[in-house]
$ cat target_15.txt   # compact mmCIF, C-alpha atoms and all ligand atoms
# COMPACT_ATOMS: atom_id res chain seq x y z
CA MET B 1 -8.33 4.22 -7.55
CA ALA B 2 -5.86 1.39 -6.98
CA ALA B 3 -8.62 -1.16 -7.33
CA ARG B 4 -9.60 0.39 -10.63
CA LEU B 5 -6.02 0.22 -11.87
CA VAL B 6 -5.71 -3.43 -10.91
CA ARG B 7 -9.07 -4.27 -12.47
CA ARG B 8 -7.96 -2.58 -15.66
CA TRP B 9 -4.80 -4.67 -15.76
CA CYS B 10 -6.67 -7.83 -14.81
CA LEU B 11 -8.92 -7.58 -17.84
CA SER B 12 -5.81 -8.02 -19.94
CA PRO B 13 -2.66 -5.96 -20.21
CA LEU B 14 -3.36 -5.72 -23.91
CA GLN B 15 -6.79 -4.28 -23.35
CA VAL B 16 -5.23 -1.70 -21.11
CA VAL B 17 -2.81 -0.60 -23.77
CA GLY B 18 -5.60 -0.70 -26.31
CA PHE B 19 -4.18 -3.01 -28.96
CA PRO B 20 -6.58 -4.53 -31.46
CA VAL B 21 -5.84 -8.26 -31.79
CA VAL B 22 -6.26 -8.13 -35.60
CA GLN B 23 -3.14 -6.03 -35.77
CA LEU B 24 -1.16 -9.23 -35.26
CA HIS B 25 -2.25 -11.02 -38.46
CA THR B 26 0.48 -9.63 -40.66
CA SER B 27 2.54 -12.22 -42.50
CA ARG B 28 2.04 -15.84 -43.67
CA THR B 29 5.81 -16.50 -43.53
CA MET B 30 5.84 -15.85 -39.75
CA ARG B 31 2.78 -18.00 -39.09
CA ALA B 32 4.34 -20.56 -36.63
CA SER B 33 5.81 -18.06 -34.20
CA GLN B 34 2.92 -15.73 -34.85
CA LYS B 35 0.55 -18.50 -33.78
CA ASP B 36 2.53 -19.04 -30.53
CA PHE B 37 2.41 -15.33 -29.98
CA GLU B 38 -1.37 -15.20 -30.44
CA ASN B 39 -1.83 -18.20 -28.15
CA ALA B 40 0.29 -16.48 -25.54
CA MET B 41 -1.88 -13.37 -25.81
CA ASN B 42 -4.97 -15.48 -25.20
CA GLN B 43 -3.30 -17.21 -22.25
CA VAL B 44 -2.64 -13.83 -20.66
CA LYS B 45 -6.39 -13.17 -20.67
CA LEU B 46 -7.02 -16.49 -18.90
CA LEU B 47 -4.60 -15.91 -16.02
CA LYS B 48 -6.47 -16.41 -12.77
CA LYS B 49 -4.13 -14.24 -10.73
CA ASP B 50 -2.93 -10.74 -11.42
CA PRO B 51 0.77 -11.27 -12.28
CA GLY B 52 1.73 -7.91 -10.77
CA ASN B 53 2.72 -4.59 -12.27
CA GLU B 54 6.35 -5.51 -12.89
CA VAL B 55 5.41 -8.50 -15.06
CA LYS B 56 2.64 -6.58 -16.79
CA LEU B 57 5.06 -3.86 -17.76
CA LYS B 58 7.45 -6.49 -19.15
CA LEU B 59 4.61 -8.06 -21.14
CA TYR B 60 3.61 -4.68 -22.46
CA ALA B 61 7.16 -3.79 -23.45
CA LEU B 62 7.77 -7.12 -25.20
CA TYR B 63 4.43 -6.89 -26.99
CA LYS B 64 5.22 -3.43 -28.30
CA GLN B 65 8.72 -4.45 -29.34
CA ALA B 66 7.40 -7.58 -31.05
CA THR B 67 4.75 -5.72 -33.00
CA GLU B 68 6.27 -2.27 -33.59
CA GLY B 69 10.01 -2.61 -32.96
CA PRO B 70 12.10 -0.21 -30.87
CA CYS B 71 10.31 2.56 -29.00
CA ASN B 72 10.36 5.82 -30.93
CA MET B 73 7.30 7.40 -29.37
CA PRO B 74 7.68 10.76 -27.60
CA LYS B 75 8.20 10.35 -23.87
CA PRO B 76 4.92 10.95 -21.96
CA GLY B 77 4.77 13.85 -19.51
CA MET B 78 5.72 13.58 -15.83
CA LEU B 79 2.09 13.55 -14.68
CA ASP B 80 1.08 10.75 -17.01
CA PHE B 81 2.25 8.05 -14.55
CA ILE B 82 0.95 4.93 -16.25
CA ASN B 83 2.00 5.81 -19.80
CA LYS B 84 5.37 6.99 -18.53
CA ALA B 85 5.97 3.65 -16.75
CA LYS B 86 4.97 1.78 -19.93
CA TRP B 87 7.17 3.99 -22.09
CA ASP B 88 10.13 3.43 -19.73
CA ALA B 89 9.63 -0.34 -19.87
CA TRP B 90 9.43 -0.39 -23.70
CA ASN B 91 12.32 2.01 -24.16
CA ALA B 92 14.49 -0.09 -21.80
CA ILE B 93 14.35 -2.99 -24.28
CA GLY B 94 16.42 -0.96 -26.76
CA SER B 95 16.93 -2.53 -30.15
CA LEU B 96 15.96 -6.12 -29.30
CA PRO B 97 14.88 -7.76 -32.61
CA LYS B 98 11.12 -8.22 -33.07
CA GLU B 99 11.40 -12.00 -33.28
CA THR B 100 13.38 -12.24 -30.04
CA ALA B 101 10.83 -10.01 -28.32
CA ARG B 102 8.06 -12.29 -29.60
CA LYS B 103 9.84 -15.37 -28.25
CA ASN B 104 10.54 -13.68 -24.89
CA TYR B 105 6.87 -12.72 -24.67
CA VAL B 106 5.80 -16.33 -25.31
CA ASP B 107 8.32 -17.64 -22.73
CA LEU B 108 7.22 -15.13 -20.13
CA VAL B 109 3.54 -15.98 -20.60
CA SER B 110 4.29 -19.68 -20.40
CA SER B 111 6.05 -19.12 -17.06
CA LEU B 112 2.78 -17.57 -15.84
CA SER B 113 0.49 -20.29 -17.24
CA PRO B 114 -2.12 -22.00 -14.98
CA SER B 115 0.23 -24.92 -14.10
CA SER B 116 2.93 -22.56 -12.85
CA GLU B 117 0.22 -20.40 -11.26
CA SER B 118 -0.94 -23.27 -9.13
CA SER B 119 2.55 -23.87 -7.80
CA GLY B 120 3.01 -20.19 -7.04
CA ARG B 121 2.19 -18.12 -4.01
CA VAL B 122 -1.31 -18.60 -2.59
CA ASP B 123 -2.95 -15.69 -0.85
CA LYS B 124 -4.44 -16.75 2.43
CA GLU B 125 -7.35 -14.36 2.40
CA PRO B 126 -10.23 -15.40 4.62
CA GLY B 127 -12.58 -13.15 2.66
CA SER B 128 -12.39 -11.03 -0.43
CA GLU B 129 -12.78 -7.76 1.50
CA SER B 130 -9.71 -5.55 1.79
CA VAL B 131 -10.72 -4.57 5.31
CA VAL B 132 -12.32 -7.26 7.49
CA ILE B 133 -14.23 -6.09 10.56
CA THR B 134 -15.21 -8.57 13.25
CA SER B 135 -16.56 -8.24 16.79
CA GLU B 136 -16.15 -10.76 19.58
CA ASP B 137 -15.86 -10.62 23.38
CA GLY B 138 -16.10 -6.82 23.40
CA ILE B 139 -13.23 -6.48 20.89
CA THR B 140 -13.74 -4.93 17.48
CA LYS B 141 -11.00 -6.12 15.15
CA ILE B 142 -10.25 -4.10 12.00
CA MET B 143 -7.97 -6.25 9.87
CA LEU B 144 -6.20 -5.01 6.75
CA ASN B 145 -6.65 -7.83 4.28
CA ARG B 146 -4.55 -7.39 1.15
CA PRO B 147 -1.69 -9.73 2.07
CA ALA B 148 -0.48 -10.06 -1.51
CA GLN B 149 -0.02 -6.28 -1.64
CA LYS B 150 1.47 -6.18 1.89
CA ASN B 151 -1.77 -4.58 3.11
CA ALA B 152 -1.12 -1.35 1.20
CA ILE B 153 -4.03 0.99 1.96
CA THR B 154 -6.23 2.00 -0.96
CA ILE B 155 -8.57 4.99 -1.00
CA GLN B 156 -11.51 2.67 -0.40
CA MET B 157 -9.73 1.12 2.60
CA TYR B 158 -9.15 4.54 4.20
CA GLN B 159 -12.88 5.15 3.86
CA GLU B 160 -13.79 1.73 5.25
CA ILE B 161 -11.49 2.08 8.28
CA LEU B 162 -12.87 5.56 8.93
CA SER B 163 -16.47 4.27 8.81
CA ALA B 164 -15.59 1.30 11.04
CA LEU B 165 -14.03 3.60 13.65
CA GLU B 166 -17.05 5.89 13.59
CA ALA B 167 -19.42 2.94 14.00
CA THR B 168 -17.45 1.21 16.75
CA SER B 169 -17.05 4.45 18.73
CA LYS B 170 -20.86 4.47 19.08
CA ASP B 171 -21.29 0.73 19.65
CA ASP B 172 -21.96 -0.02 23.33
CA ASN B 173 -20.93 -3.65 22.88
CA SER B 174 -17.49 -2.68 21.66
CA VAL B 175 -15.05 -2.06 24.51
CA ILE B 176 -11.68 -1.95 22.76
CA THR B 177 -10.77 -1.64 19.09
CA VAL B 178 -7.82 -3.31 17.41
CA LEU B 179 -6.11 -2.58 14.09
CA THR B 180 -4.01 -5.39 12.64
CA GLY B 181 -2.90 -6.93 9.33
CA ASN B 182 -3.42 -10.29 7.65
CA GLY B 183 -0.34 -12.05 6.30
CA ASP B 184 3.32 -11.24 6.75
CA TYR B 185 2.96 -7.43 6.83
CA TYR B 186 1.09 -5.13 9.18
CA SER B 187 0.89 -2.64 6.32
CA SER B 188 3.12 -1.16 3.63
CA GLY B 189 1.32 2.16 4.11
CA ASN B 190 -0.35 4.22 1.46
CA ASP B 191 -1.00 2.30 -1.75
CA LEU B 192 1.25 4.15 -4.16
CA THR B 193 -1.14 3.56 -7.04
CA ASN B 194 -3.69 5.76 -5.23
CA PHE B 195 -2.14 8.63 -7.17
CA THR B 196 -1.98 7.11 -10.62
CA ASN B 197 -5.53 6.97 -11.94
CA LEU B 198 -6.14 10.55 -12.88
CA PRO B 199 -9.69 12.01 -12.80
CA PRO B 200 -10.69 14.83 -15.21
CA GLY B 201 -9.30 17.37 -12.71
CA GLY B 202 -5.88 15.73 -13.07
CA ILE B 203 -3.22 15.34 -10.39
CA GLU B 204 -4.34 18.58 -8.68
CA GLU B 205 -7.74 17.02 -7.99
CA VAL B 206 -6.12 13.79 -6.72
CA ALA B 207 -3.91 15.81 -4.37
CA LYS B 208 -6.81 17.91 -3.11
CA THR B 209 -9.21 15.02 -2.44
CA GLY B 210 -6.34 12.94 -0.99
CA SER B 211 -5.46 15.72 1.43
CA ILE B 212 -9.09 16.05 2.59
CA LEU B 213 -9.44 12.29 3.05
CA LEU B 214 -6.13 12.09 4.92
CA ARG B 215 -7.22 14.86 7.28
CA ASP B 216 -10.63 13.23 7.98
CA PHE B 217 -8.99 9.84 8.42
CA VAL B 218 -6.40 11.02 10.95
CA ASP B 219 -8.99 13.22 12.77
CA CYS B 220 -10.96 10.07 13.42
CA PHE B 221 -7.98 8.48 15.23
CA ILE B 222 -7.41 11.68 17.25
CA ASP B 223 -11.03 11.70 18.43
CA PHE B 224 -11.51 7.98 18.95
CA PRO B 225 -12.98 7.75 22.48
CA LYS B 226 -12.21 4.15 23.54
CA PRO B 227 -8.96 2.20 23.93
CA LEU B 228 -7.37 1.75 20.51
CA ILE B 229 -4.74 -0.97 20.16
CA ALA B 230 -2.38 -1.77 17.28
CA VAL B 231 -1.44 -5.44 16.90
CA VAL B 232 1.59 -5.05 14.65
CA ASN B 233 2.02 -8.52 13.18
CA GLY B 234 4.86 -7.63 10.79
CA PRO B 235 6.64 -4.74 9.05
CA ALA B 236 4.91 -1.36 9.00
CA VAL B 237 5.63 1.44 6.53
CA GLY B 238 4.57 5.09 6.19
CA ILE B 239 1.17 6.01 7.55
CA ALA B 240 0.89 2.59 9.21
CA VAL B 241 3.81 3.68 11.43
CA THR B 242 2.96 7.33 12.01
CA LEU B 243 -0.57 6.59 13.22
CA LEU B 244 0.86 4.46 16.03
CA GLY B 245 1.57 7.68 17.95
CA LEU B 246 -2.22 8.08 18.27
CA PHE B 247 -2.88 4.56 19.60
CA ASP B 248 -3.28 3.73 23.29
CA ALA B 249 -1.15 0.57 23.13
CA VAL B 250 1.07 -0.90 20.41
CA TYR B 251 1.94 -4.61 20.62
CA ALA B 252 4.49 -5.80 18.09
CA SER B 253 5.85 -9.10 16.88
CA ASP B 254 9.66 -9.21 17.00
CA ARG B 255 9.43 -9.58 13.18
CA ALA B 256 7.94 -6.10 12.85
CA THR B 257 9.94 -3.16 11.57
CA PHE B 258 8.99 0.52 11.51
CA HIS B 259 9.88 2.56 8.44
CA THR B 260 8.85 6.07 7.41
CA PRO B 261 10.71 6.72 4.14
CA PHE B 262 8.94 10.03 3.48
CA THR B 263 11.94 11.95 2.17
CA GLN B 264 12.88 9.10 -0.18
CA LEU B 265 9.33 9.34 -1.55
CA GLY B 266 9.49 13.14 -1.89
CA GLN B 267 6.83 13.31 0.83
CA THR B 268 6.54 14.62 4.38
CA ALA B 269 5.34 13.33 7.74
CA GLU B 270 1.65 12.70 8.40
CA GLY B 271 -0.57 11.05 11.03
CA CYS B 272 0.47 13.85 13.47
CA SER B 273 3.92 12.24 13.67
CA SER B 274 5.67 15.61 13.21
CA TYR B 275 4.29 16.33 16.70
CA THR B 276 3.83 12.91 18.36
CA PHE B 277 7.19 11.38 17.38
CA PRO B 278 9.42 14.15 18.83
CA LYS B 279 7.22 14.05 21.94
CA ILE B 280 7.47 10.25 22.26
CA MET B 281 11.13 9.70 21.39
CA GLY B 282 12.71 13.15 21.45
CA PRO B 283 13.54 15.27 18.37
CA ALA B 284 16.87 13.59 17.59
CA LYS B 285 15.41 10.10 17.17
CA ALA B 286 12.23 11.40 15.53
CA ILE B 287 14.28 13.25 12.92
CA GLU B 288 16.27 10.13 12.09
CA MET B 289 13.00 8.34 11.34
CA LEU B 290 10.90 11.09 9.75
CA ILE B 291 13.56 12.99 7.77
CA PHE B 292 16.27 10.42 7.10
CA GLY B 293 13.98 7.38 6.88
CA LYS B 294 15.83 5.23 9.42
CA LYS B 295 14.06 1.89 9.83
CA LEU B 296 13.64 0.66 13.42
CA THR B 297 13.40 -2.93 14.62
CA ALA B 298 10.56 -3.78 17.00
CA HIS B 299 12.93 -3.71 19.98
CA GLU B 300 14.34 -0.33 18.93
CA ALA B 301 10.82 1.08 18.50
CA CYS B 302 9.97 -0.23 21.96
CA ALA B 303 13.08 1.37 23.46
CA GLN B 304 12.02 4.68 21.83
CA GLY B 305 8.53 4.46 23.37
CA LEU B 306 6.63 3.99 20.10
CA VAL B 307 5.85 0.35 20.89
CA THR B 308 4.38 -0.78 24.21
CA GLU B 309 5.71 -4.35 24.20
CA VAL B 310 7.41 -6.79 21.83
CA PHE B 311 6.53 -10.51 21.70
CA PRO B 312 8.30 -13.42 20.00
CA ASP B 313 6.62 -14.00 16.67
CA SER B 314 5.96 -17.66 17.52
CA THR B 315 3.68 -16.75 20.46
CA PHE B 316 2.65 -13.26 19.37
CA GLN B 317 -0.98 -13.88 18.41
CA LYS B 318 -1.70 -16.16 21.36
CA GLU B 319 -0.19 -13.88 23.98
CA VAL B 320 -1.58 -10.64 22.63
CA TRP B 321 -5.15 -11.83 22.12
CA ALA B 322 -5.24 -13.42 25.58
CA ARG B 323 -4.21 -10.08 27.05
CA LEU B 324 -6.71 -8.11 24.95
CA LYS B 325 -9.55 -10.41 25.98
CA ALA B 326 -8.72 -9.69 29.62
CA TYR B 327 -8.57 -5.92 28.97
CA ALA B 328 -11.94 -6.01 27.23
CA LYS B 329 -13.49 -7.28 30.47
CA LEU B 330 -12.41 -4.16 32.39
CA PRO B 331 -15.12 -1.57 33.14
CA PRO B 332 -15.57 0.26 29.82
CA ASN B 333 -16.69 3.63 31.18
CA ALA B 334 -13.70 3.90 33.52
CA MET B 335 -11.37 3.20 30.56
CA ARG B 336 -13.15 5.74 28.35
CA ILE B 337 -13.04 8.48 30.99
CA SER B 338 -9.35 7.78 31.75
CA LYS B 339 -8.56 8.03 28.04
CA GLU B 340 -10.39 11.35 27.83
CA LEU B 341 -8.44 12.67 30.84
CA ILE B 342 -5.11 11.58 29.36
CA ARG B 343 -5.79 12.78 25.82
CA HIS B 344 -8.14 15.76 25.85
CA ASN B 345 -5.50 18.45 26.49
CA GLU B 346 -3.70 17.45 23.31
CA LYS B 347 -6.66 17.17 20.96
CA GLU B 348 -6.78 20.74 19.70
CA LYS B 349 -3.04 20.70 19.01
CA LEU B 350 -3.28 17.35 17.22
CA HIS B 351 -6.09 18.59 14.94
CA ALA B 352 -4.03 21.66 14.05
CA VAL B 353 -0.95 19.51 13.32
CA ASN B 354 -3.04 17.15 11.20
CA ALA B 355 -4.39 20.08 9.15
CA GLU B 356 -0.87 21.42 8.57
CA GLU B 357 0.56 18.04 7.61
CA SER B 358 -2.31 17.33 5.19
CA THR B 359 -1.83 20.70 3.48
CA ALA B 360 1.93 20.15 3.20
CA LEU B 361 1.36 16.74 1.62
CA GLN B 362 -1.10 18.16 -0.91
CA GLY B 363 1.79 20.27 -2.20
CA ARG B 364 4.27 17.40 -2.02
CA TRP B 365 2.06 15.09 -4.11
CA LEU B 366 2.32 17.65 -6.95
CA SER B 367 6.11 17.83 -6.73
CA GLU B 368 8.53 16.31 -9.20
CA GLU B 369 10.37 14.58 -6.31
CA CYS B 370 7.23 12.71 -5.31
CA MET B 371 6.17 11.90 -8.86
CA ASN B 372 9.59 10.46 -9.69
CA ALA B 373 9.49 8.28 -6.56
CA ILE B 374 6.07 6.88 -7.48
CA ILE B 375 7.12 6.26 -11.07
CA ASN B 376 10.25 4.49 -9.81
CA PHE B 377 8.16 2.26 -7.55
CA LEU B 378 5.70 1.42 -10.31
CA SER B 379 8.45 0.59 -12.77
CA ARG B 380 10.36 -1.22 -9.99
CA LYS B 381 13.61 0.62 -10.63
CA SER B 382 13.96 1.01 -6.90
CA LYS B 383 12.75 -0.63 -3.73
CA LEU B 384 12.91 0.76 -0.23
C1 LIG W 401 -5.73 9.46 1.13
C2 LIG W 401 -4.27 9.39 0.87
C3 LIG W 401 -3.51 9.36 2.14
C4 LIG W 401 -2.04 9.26 1.88
C5 LIG W 401 -1.28 9.14 3.14
C6 LIG W 401 0.18 9.06 2.85
C7 LIG W 401 0.91 8.15 3.40
C8 LIG W 401 2.37 8.07 3.14
C9 LIG W 401 2.88 6.67 3.16
O1 LIG W 401 2.27 5.75 3.64
S1 LIG W 401 4.39 6.53 2.48
C10 LIG W 401 4.68 4.79 2.41
C11 LIG W 401 4.24 4.22 1.10
N1 LIG W 401 4.68 2.86 1.03
C12 LIG W 401 5.79 2.48 0.38
O2 LIG W 401 6.50 3.29 -0.18
C13 LIG W 401 6.08 1.00 0.34
C14 LIG W 401 6.24 0.54 -1.07
N2 LIG W 401 6.48 -0.88 -1.09
C15 LIG W 401 7.72 -1.43 -1.04
O3 LIG W 401 8.73 -0.77 -0.94
C16 LIG W 401 7.80 -2.91 -1.05
O4 LIG W 401 6.67 -3.41 -1.71
C17 LIG W 401 7.88 -3.53 0.36
C18 LIG W 401 9.25 -3.17 0.99
C19 LIG W 401 6.75 -3.03 1.25
C20 LIG W 401 7.78 -5.08 0.27
O5 LIG W 401 8.76 -5.55 -0.62
P1 LIG W 401 8.73 -7.10 -1.07
O6 LIG W 401 9.87 -7.27 -2.03
O7 LIG W 401 8.69 -7.97 0.12
O8 LIG W 401 7.34 -7.28 -1.79
P2 LIG W 401 6.89 -6.65 -3.17
O9 LIG W 401 7.51 -5.32 -3.38
O10 LIG W 401 7.04 -7.66 -4.25
O11 LIG W 401 5.34 -6.37 -2.89
C21 LIG W 401 4.33 -7.34 -3.15
C22 LIG W 401 3.22 -6.66 -3.91
O12 LIG W 401 2.68 -5.63 -3.10
C23 LIG W 401 2.67 -4.39 -3.80
N3 LIG W 401 2.87 -3.30 -2.86
C24 LIG W 401 3.56 -3.34 -1.71
N4 LIG W 401 3.49 -2.16 -1.11
C25 LIG W 401 2.76 -1.35 -1.88
C26 LIG W 401 2.33 0.00 -1.77
N5 LIG W 401 2.63 0.75 -0.71
N6 LIG W 401 1.59 0.51 -2.77
C27 LIG W 401 1.23 -0.25 -3.82
N7 LIG W 401 1.60 -1.55 -3.99
C28 LIG W 401 2.35 -2.07 -3.01
C29 LIG W 401 3.86 -4.53 -4.73
O13 LIG W 401 3.73 -3.64 -5.80
C30 LIG W 401 3.74 -5.96 -5.16
O14 LIG W 401 2.69 -6.00 -6.12
P3 LIG W 401 2.87 -6.80 -7.47
O15 LIG W 401 3.02 -8.23 -7.03
O16 LIG W 401 1.61 -6.51 -8.20
O17 LIG W 401 4.10 -6.25 -8.14
$ encode --input "target_15.txt" --output "structure tokens" --more "lines below"
Ligand SMILES: CCCCC/C=C/CC(=O)SCCNC(=O)CCNC(=O)[C@H](O)C(C)(C)COP(=O)(O)OP(=O)(O)OC[C@H]1O[C@@H](n2cnc3c(N)ncnc32)[C@H](O)[C@@H]1OP(=O)(O)O
Amino acid sequence: MAARLVRRWCLSPLQVVGFPVVQLHTSRTMRASQKDFENAMNQVKLLKKDPGNEVKLKLYALYKQATEGPCNMPKPGMLDFINKAKWDAWNAIGSLPKETARKNYVDLVSSLSPSSESSGRVDKEPGSESVVITSEDGITKIMLNRPAQKNAITIQMYQEILSALEATSKDDNSVITVLTGNGDYYSSGNDLTNFTNLPPGGIEEVAKTGSILLRDFVDCFIDFPKPLIAVVNGPAVGIAVTLLGLFDAVYASDRATFHTPFTQLGQTAEGCSSYTFPKIMGPAKAIEMLIFGKKLTAHEACAQGLVTEVFPDSTFQKEVWARLKAYAKLPPNAMRISKELIRHNEKEKLHAVNAEESTALQGRWLSEECMNAIINFLSRKSKL
């Protein structure tokens, strides 16, 4: 769903909002600035990189102000996420004169033009896939690969990770499996735009299918039969943190942080963390994280038992991969049977917890608290 949203924006923000270009040819007396405005609109279509939702909302708002004046449209409903974010952006401009809006639009587009694009941030993506799966020396590496979006997990990525885990659990050449992130983040958790592209069944359908996918996804971690290691290369948020309670070892860079801002998002714990976190760190510390959204440093998470070991960022990759290569040479069947012995008594409980958490979230995703939080994120009124 997120990919679809981005693709829609990438075509052109103006195509998304459905404006016919001819609408702009209005007055001969405004031709000079009108021409700049039209050129700017064409430049937007030629942008090589998606400028991001915040900029696109600004462009949209300035475009509307420049062509129609102040926003006097009725406010879209709560569930109409995208139109509500656009309405908010346009309405926030107030009574800015049309000509100023036109000039601001032209200036903003020029700051995004190809020359400034080339001096901007470059994504270091080794491939275009959002999840990259590689196998070497008995190690299957599942790497989240959306560094520009802080490795936020889209619906498609959940499905790809799930399929990769299923395949690697049956692959005799794969001894240990690693989940990691490309770029500065491990993962910013669930992609918040997963909830914004509404199917015909509306938000209820999104919540229902999301809850089923979440349950299947987490079940796969509960049942994974071989050693599962998290290589936490940077900050982790939401589901990227909670799942760690189901891993067999968690190695973290000292740059990593661990944040579960569920309450702030109007949401509740998932990934079995309502059970694993109190068990790992005791209820008092688990509640600080899962209810109050306290962010832990890597060393704090290690002291609480969520992280196995912390490494200096400068040597993190080298040290961790050297260790994992050695572990992958250990007898695989002995490791698998030991894991089964350690984990099997908990499995039934974990599946029941996962089912409960997924059902609770289905309800949360329909709540006003959650919708407001997502709208706020999309319109960038607040950051965590
Ligand atoms: C099947 C469904 C299962 C659902 C399971 C439910 C899980 C619950 C959770 O995981 S809750 C956690 C959700 N995550 C968040 O709330 C994090 C939101 N992101 C942020 O707060 C910030 O982006 C940040 C703190 C992670 C990083 O801030 P920073 O200022 O360093 O960077 P930017 O904000 O500019 O981010 C760069 C671009 O990345 C996009 N992005 C980052 N995280 C997400 C995300 N979780 N969802 C969607 N998009 C995300 C961000 O929008 C920027 O994109 P842009 O350049 O296009 O604006």
$ atom_distance --input "target_15.txt" --atom1 "CA of Asn194 in chain B" --atom2 "atom C2 of ligand LIG 401 (chain W)"
7.1 Å
$ atom_distance --input "target_15.txt" --atom1 "CA of Ile222 in chain B" --atom2 "CA of Gly138 in chain B"
21.3 Å
$ closest_residue --input "target_15.txt" --among "B:Asp313, B:Asp107, B:Asp219, B:Glu368" --to "Val44 in chain B" --atoms "all atoms listed in the file"
B:Asp107
$ closest_atom_pairs --input "target_15.txt" --of "chain B" --to "ligand LIG 401 (chain W)" --cutoff "6 Å" --atoms "all atoms listed in the file" --output "JSON lines"
{"residue": "B:Gly52", "atom": "CA", "partner": "W:LIG401", "partner_atom": "O16", "distance": 2.9}
{"residue": "B:Asn53", "atom": "CA", "partner": "W:LIG401", "partner_atom": "O16", "distance": 4.6}
{"residue": "B:Glu54", "atom": "CA", "partner": "W:LIG401", "partner_atom": "O17", "distance": 5.3}
{"residue": "B:Ala148", "atom": "CA", "partner": "W:LIG401", "partner_atom": "C22", "distance": 5.6}
{"residue": "B:Gln149", "atom": "CA", "partner": "W:LIG401", "partner_atom": "O12", "distance": 3.1}
{"residue": "B:Lys150", "atom": "CA", "partner": "W:LIG401", "partner_atom": "C24", "distance": 5.0}
{"residue": "B:Ala152", "atom": "CA", "partner": "W:LIG401", "partner_atom": "N5", "distance": 4.7}
{"residue": "B:Ile155", "atom": "CA", "partner": "W:LIG401", "partner_atom": "C1", "distance": 5.7}
{"residue": "B:Ser188", "atom": "CA", "partner": "W:LIG401", "partner_atom": "C19", "distance": 4.7}
{"residue": "B:Gly189", "atom": "CA", "partner": "W:LIG401", "partner_atom": "O1", "distance": 3.7}
{"residue": "B:Asn190", "atom": "CA", "partner": "W:LIG401", "partner_atom": "O1", "distance": 3.7}
{"residue": "B:Asp191", "atom": "CA", "partner": "W:LIG401", "partner_atom": "N6", "distance": 3.3}
{"residue": "B:Leu192", "atom": "CA", "partner": "W:LIG401", "partner_atom": "N6", "distance": 3.9}
{"residue": "B:Thr193", "atom": "CA", "partner": "W:LIG401", "partner_atom": "C27", "distance": 5.5}
{"residue": "B:Gly210", "atom": "CA", "partner": "W:LIG401", "partner_atom": "C1", "distance": 4.1}
{"residue": "B:Leu213", "atom": "CA", "partner": "W:LIG401", "partner_atom": "C1", "distance": 5.0}
{"residue": "B:Leu214", "atom": "CA", "partner": "W:LIG401", "partner_atom": "C1", "distance": 4.6}
{"residue": "B:Val237", "atom": "CA", "partner": "W:LIG401", "partner_atom": "C10", "distance": 5.4}
{"residue": "B:Gly238", "atom": "CA", "partner": "W:LIG401", "partner_atom": "O1", "distance": 3.5}
{"residue": "B:Ile239", "atom": "CA", "partner": "W:LIG401", "partner_atom": "O1", "distance": 4.1}
{"residue": "B:Phe262", "atom": "CA", "partner": "W:LIG401", "partner_atom": "S1", "distance": 5.8}
{"residue": "B:Lys383", "atom": "CA", "partner": "W:LIG401", "partner_atom": "O3", "distance": 4.9}
{"residue": "B:Leu384", "atom": "CA", "partner": "W:LIG401", "partner_atom": "O3", "distance": 4.5}
$ write_last_selection --input "target_15.txt" --atoms "C-alpha atoms" --output "short mmCIF file (atom, residue, chain, number, x, y, z; two decimals), in the frame of the given file"
data_model
loop_
_atom_site.label_atom_id
_atom_site.label_comp_id
_atom_site.auth_asym_id
_atom_site.auth_seq_id
_atom_site.Cartn_x
_atom_site.Cartn_y
_atom_site.Cartn_z
CA GLY B 52 1.73 -7.91 -10.77
CA ASN B 53 2.72 -4.59 -12.27
CA GLU B 54 6.35 -5.51 -12.89
CA ALA B 148 -0.48 -10.06 -1.51
CA GLN B 149 -0.02 -6.28 -1.64
CA LYS B 150 1.47 -6.18 1.89
CA ALA B 152 -1.12 -1.35 1.20
CA ILE B 155 -8.57 4.99 -1.00
CA SER B 188 3.12 -1.16 3.63
CA GLY B 189 1.32 2.16 4.11
CA ASN B 190 -0.35 4.22 1.46
CA ASP B 191 -1.00 2.30 -1.75
CA LEU B 192 1.25 4.15 -4.16
CA THR B 193 -1.14 3.56 -7.04
CA GLY B 210 -6.34 12.94 -0.99
CA LEU B 213 -9.44 12.29 3.05
CA LEU B 214 -6.13 12.09 4.92
CA VAL B 237 5.63 1.44 6.53
CA GLY B 238 4.57 5.09 6.19
CA ILE B 239 1.17 6.01 7.55
CA PHE B 262 8.94 10.03 3.48
CA LYS B 383 12.75 -0.63 -3.73
CA LEU B 384 12.91 0.76 -0.23
#
$ residues_around --input "target_15.txt" --residues "Leu79 in chain B" --least-positions-apart "5" --cutoff "12 Å" --atoms "only C-alpha atoms" --output "list in words"
Lys84, Ala85, Phe195, Thr196, Asn197, Leu198, Gly202, Ile203, Glu204, Val206, Trp365, Leu366, Ser367, Glu368, Glu369, Cys370, Met371, Asn372, Ile374 and Ile375 of chain B
$ closest_residue --input "target_15.txt" --among "B:Asn72, B:Thr67, B:Thr257, B:Thr134" --to "Ala101 in chain B" --atoms "all atoms listed in the file"
B:Thr67
$ residues_around --input "target_15.txt" --residues "range 275-286 of chain B" --least-positions-apart "4" --cutoff "8 Å" --atoms "all atoms listed in the file" --output "PyMOL selection string"
chain B and resi 242+245-246+290+304-306+350+353
$ atom_distance --input "target_15.txt" --atom1 "CA of Asp184 in chain B" --atom2 "CA of Leu361 in chain B"
28.5 Å
$ residues_near_point --input "target_15.txt" --point "(12.4, -0.7, -31.8)" --cutoff "7 Å" --atoms "all atoms listed in the file" --output "list in words"
Gln65, Glu68, Gly69, Pro70, Cys71, Asn72, Gly94, Ser95 and Leu96 of chain B
